[in-house]
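Notes for the one structure printed next.
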Amino acid sequence: MGLTAIDLGLRGATGGVFLLIILVALLRRTGSQQALLGMAMCAGGVFYAIATAPFFPKSSWWWVLPILSAQPVVFWLWARAAFDDDFVLRRWHGSLWLGIVAFGFALTLGWAYSPALAGAGGRGLALVNLALALAAAVQTVKTWRADLVARRRRLRLAMLAINVGLIAVVAGAGFAAIPVAVPGAPGSLPTALALFVVAMIAGLGTFATQPVVPVNDATAAIASGGGRGADRASTGRVVVDPILLRRLDHLMTVERSYRQEGLAIGALAARLDVPEHRLRQAINEGLGYRNFNAFLNHHRIEDARLALSDATQREVPVLTIAMDAGFQSIGPFNRAFKAETGVTPTEFRREALSRPDRADISEPRREIG
């Protein structure tokens with residue numbers, strides 16, 4: 001009974017932390033898709049902690065298990081929203097969740113009539129869940145290098161590793177001829193401990209979050225050459241090295257380093273002869289970018305806008321302009337351009353060249369300051 005008491009205590013603490021995270025998210029009223037998916041993940045964590053606890057009534061498994069089996073979908077979507085700033089929820093994402101829930105119900109209800117068929121379906125569902133866990137892992141690794149938010153970089157791998165491990169345990173039950181994960185198994189205490197660790201990491205990431213600091217007047221002045229002697233913002237927050245900001249501005253606006261194919265933040269840091277973490281801090285805290293690719297694309301799109309507005313380049317294909325600006329293909333360029341300007345490159349060019357009062361903007365940009 002001692003181990004059972006510890007198990008139940010850990011699960012109670014886990015549920016309390018998850019519910020507190022949900023309450024904080026509701027009070028912040030961000031309404032972002034990441035926040036909504038995070039609340040859904042926490043609610044799923046509370047549900048999982050209760051449903052897999054010792055003494056949970058087996059008579060409830062027929063409706064509990066299908067919902068648990070769809071939790072990997074929520075985690076995958078959360079990983080996409082948390083680690084990809086351009087991710088947008090689609091209707092088919094909800095359809096995928098509902099489809100897995102419906103399939104889980106079919107398995108649990110059909111277990112008594114055709115155990116062999118239900119077991120085969122359970123193994124198929126386990127493969128789907130493992131694929132979702134792998135997709136979440138790939139998403140994290142793929143965008144890790146471009147992430148400029150230090151706290152998010154530190155927490156994402158630990159959080160992901162633990163969650164993927166839990167999903168693997170849940171999905172692995174399907175390979176044991178079980179339609180979905182069966183709660184109350186002998187490994188209940190390790191599961192409770194893992195859930196508690198996940199809840200504490202999630203709580204640390206939520207309660208230690210500092211508000212996003214916008215680019216204030218002091219930082220903007222430093223970047224543009226003014227306030228060279230200032231080393232702190234009016235709020236008392238340490239401002240990024242002004243010399244580093246000016247050197248970075250020179251590389252982007254004069255040397256146009258963003259045009260380099262496959263430019264990575266490590267290569268840019270090497271050119272500036274500064275540690276990579278300092279450059280990340282400068283772009284994130286000094287200029288307000290959360291993602292290195294977004295920082296590059298801002299300059300690339302500005303370059304493309306100048307070219308598309310230039311009457312002397314009227315006959316130059318849009319693809320050529322995109323490639324000259326540093327994009328590798330037309331698809332990402334079109335998506336990034338429309339996200340930045342609200343129109344496609346072709347529409348932008350047509351509107352820009354048709355304005356009678358259009359100024360001559362074909363001159364090369366000069367260095368700020």
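In the structure tokens, the first chain shown is A, the next is B, and so on; residue numbers restart at 1 for each chain, and ligands run from 1 in the order shown.
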
Show me, as a PDB file with all heavy atoms, in the first residue's frame, the residues that have an atom within 9 Å of Leu19 in chain A when counting only C-alpha atoms, minus same-chain residues fewer than 6 positions from it.
```
ATOM      1  N   MET A  39      -3.333  23.819 -23.423  1.00  0.00           N
ATOM      2  CA  MET A  39      -4.388  23.506 -22.460  1.00  0.00           C
ATOM      3  C   MET A  39      -4.996  22.138 -22.742  1.00  0.00           C
ATOM      4  O   MET A  39      -5.318  21.381 -21.808  1.00  0.00           O
ATOM      5  CB  MET A  39      -5.463  24.602 -22.498  1.00  0.00           C
ATOM      6  CG  MET A  39      -5.024  25.906 -21.862  1.00  0.00           C
ATOM      7  SD  MET A  39      -6.386  27.089 -21.641  1.00  0.00           S
ATOM      8  CE  MET A  39      -6.665  27.563 -23.346  1.00  0.00           C
ATOM      9  N   CYS A  42      -2.601  19.595 -21.381  1.00  0.00           N
ATOM     10  CA  CYS A  42      -2.675  19.516 -19.915  1.00  0.00           C
ATOM     11  C   CYS A  42      -3.946  18.796 -19.474  1.00  0.00           C
ATOM     12  O   CYS A  42      -3.914  17.987 -18.533  1.00  0.00           O
ATOM     13  CB  CYS A  42      -2.622  20.918 -19.315  1.00  0.00           C
ATOM     14  SG  CYS A  42      -1.008  21.718 -19.455  1.00  0.00           S
ATOM     15  N   ALA A  43      -5.061  19.103 -20.141  1.00  0.00           N
ATOM     16  CA  ALA A  43      -6.304  18.407 -19.808  1.00  0.00           C
ATOM     17  C   ALA A  43      -6.159  16.915 -20.075  1.00  0.00           C
ATOM     18  O   ALA A  43      -6.628  16.073 -19.285  1.00  0.00           O
ATOM     19  CB  ALA A  43      -7.461  18.986 -20.622  1.00  0.00           C
ATOM     20  N   VAL A  46      -4.166  15.390 -17.199  1.00  0.00           N
ATOM     21  CA  VAL A  46      -5.002  15.141 -16.017  1.00  0.00           C
ATOM     22  C   VAL A  46      -5.844  13.890 -16.226  1.00  0.00           C
ATOM     23  O   VAL A  46      -5.937  13.021 -15.342  1.00  0.00           O
ATOM     24  CB  VAL A  46      -5.913  16.360 -15.738  1.00  0.00           C
ATOM     25  CG1 VAL A  46      -6.878  16.055 -14.595  1.00  0.00           C
ATOM     26  CG2 VAL A  46      -5.070  17.591 -15.405  1.00  0.00           C
TER      27      VAL A  46
END
```

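The smallest atom-to-atom distance between Val197 in chain A and any of A:Gly45, A:Phe56, A:Arg349, A:Ala307, using only C-alpha atoms, is found for A:Gly45.
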
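Here the question is which of A:Ala267, A:Leu353, A:Leu148, A:Ala120 gets nearest to Ala282 in chain A using only C-alpha atoms, and that residue is A:Leu148.
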
Could you pull the residues within 7 Å of Asp147 in chain A, counting only C-alpha atoms, minus those fewer than 4 positions along the same chain, as number ranges by chain? A: 143, 153, 290-292

If you keep N, CA and C atoms, can you produce a file of those selected residues as a PDB file, in the first residue's frame?
```
ATOM      1  N   THR A 143      13.656  22.397 -36.419  1.00  0.00           N
ATOM      2  CA  THR A 143      13.587  23.836 -36.169  1.00  0.00           C
ATOM      3  C   THR A 143      14.441  24.271 -34.978  1.00  0.00           C
ATOM      4  N   ARG A 153      14.471  26.891 -26.377  1.00  0.00           N
ATOM      5  CA  ARG A 153      15.507  25.958 -26.812  1.00  0.00           C
ATOM      6  C   ARG A 153      15.911  25.027 -25.684  1.00  0.00           C
ATOM      7  N   ARG A 290      11.789  35.791 -33.163  1.00  0.00           N
ATOM      8  CA  ARG A 290      11.791  34.526 -32.444  1.00  0.00           C
ATOM      9  C   ARG A 290      12.446  33.411 -33.255  1.00  0.00           C
ATOM     10  N   ASN A 291      12.636  33.649 -34.544  1.00  0.00           N
ATOM     11  CA  ASN A 291      13.124  32.603 -35.431  1.00  0.00           C
ATOM     12  C   ASN A 291      14.123  33.207 -36.401  1.00  0.00           C
ATOM     13  N   PHE A 292      15.248  32.509 -36.617  1.00  0.00           N
ATOM     14  CA  PHE A 292      16.293  33.030 -37.493  1.00  0.00           C
ATOM     15  C   PHE A 292      15.815  33.127 -38.933  1.00  0.00           C
TER      16      PHE A 292
END
```

Quick one: of A:Ala116, A:Ala49, A:Val24, A:Val17, who's nearest to Leu189 in chain A, counting only C-alpha atoms?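 Selected residue with least distance to Leu189 in chain A: A:Ala49.
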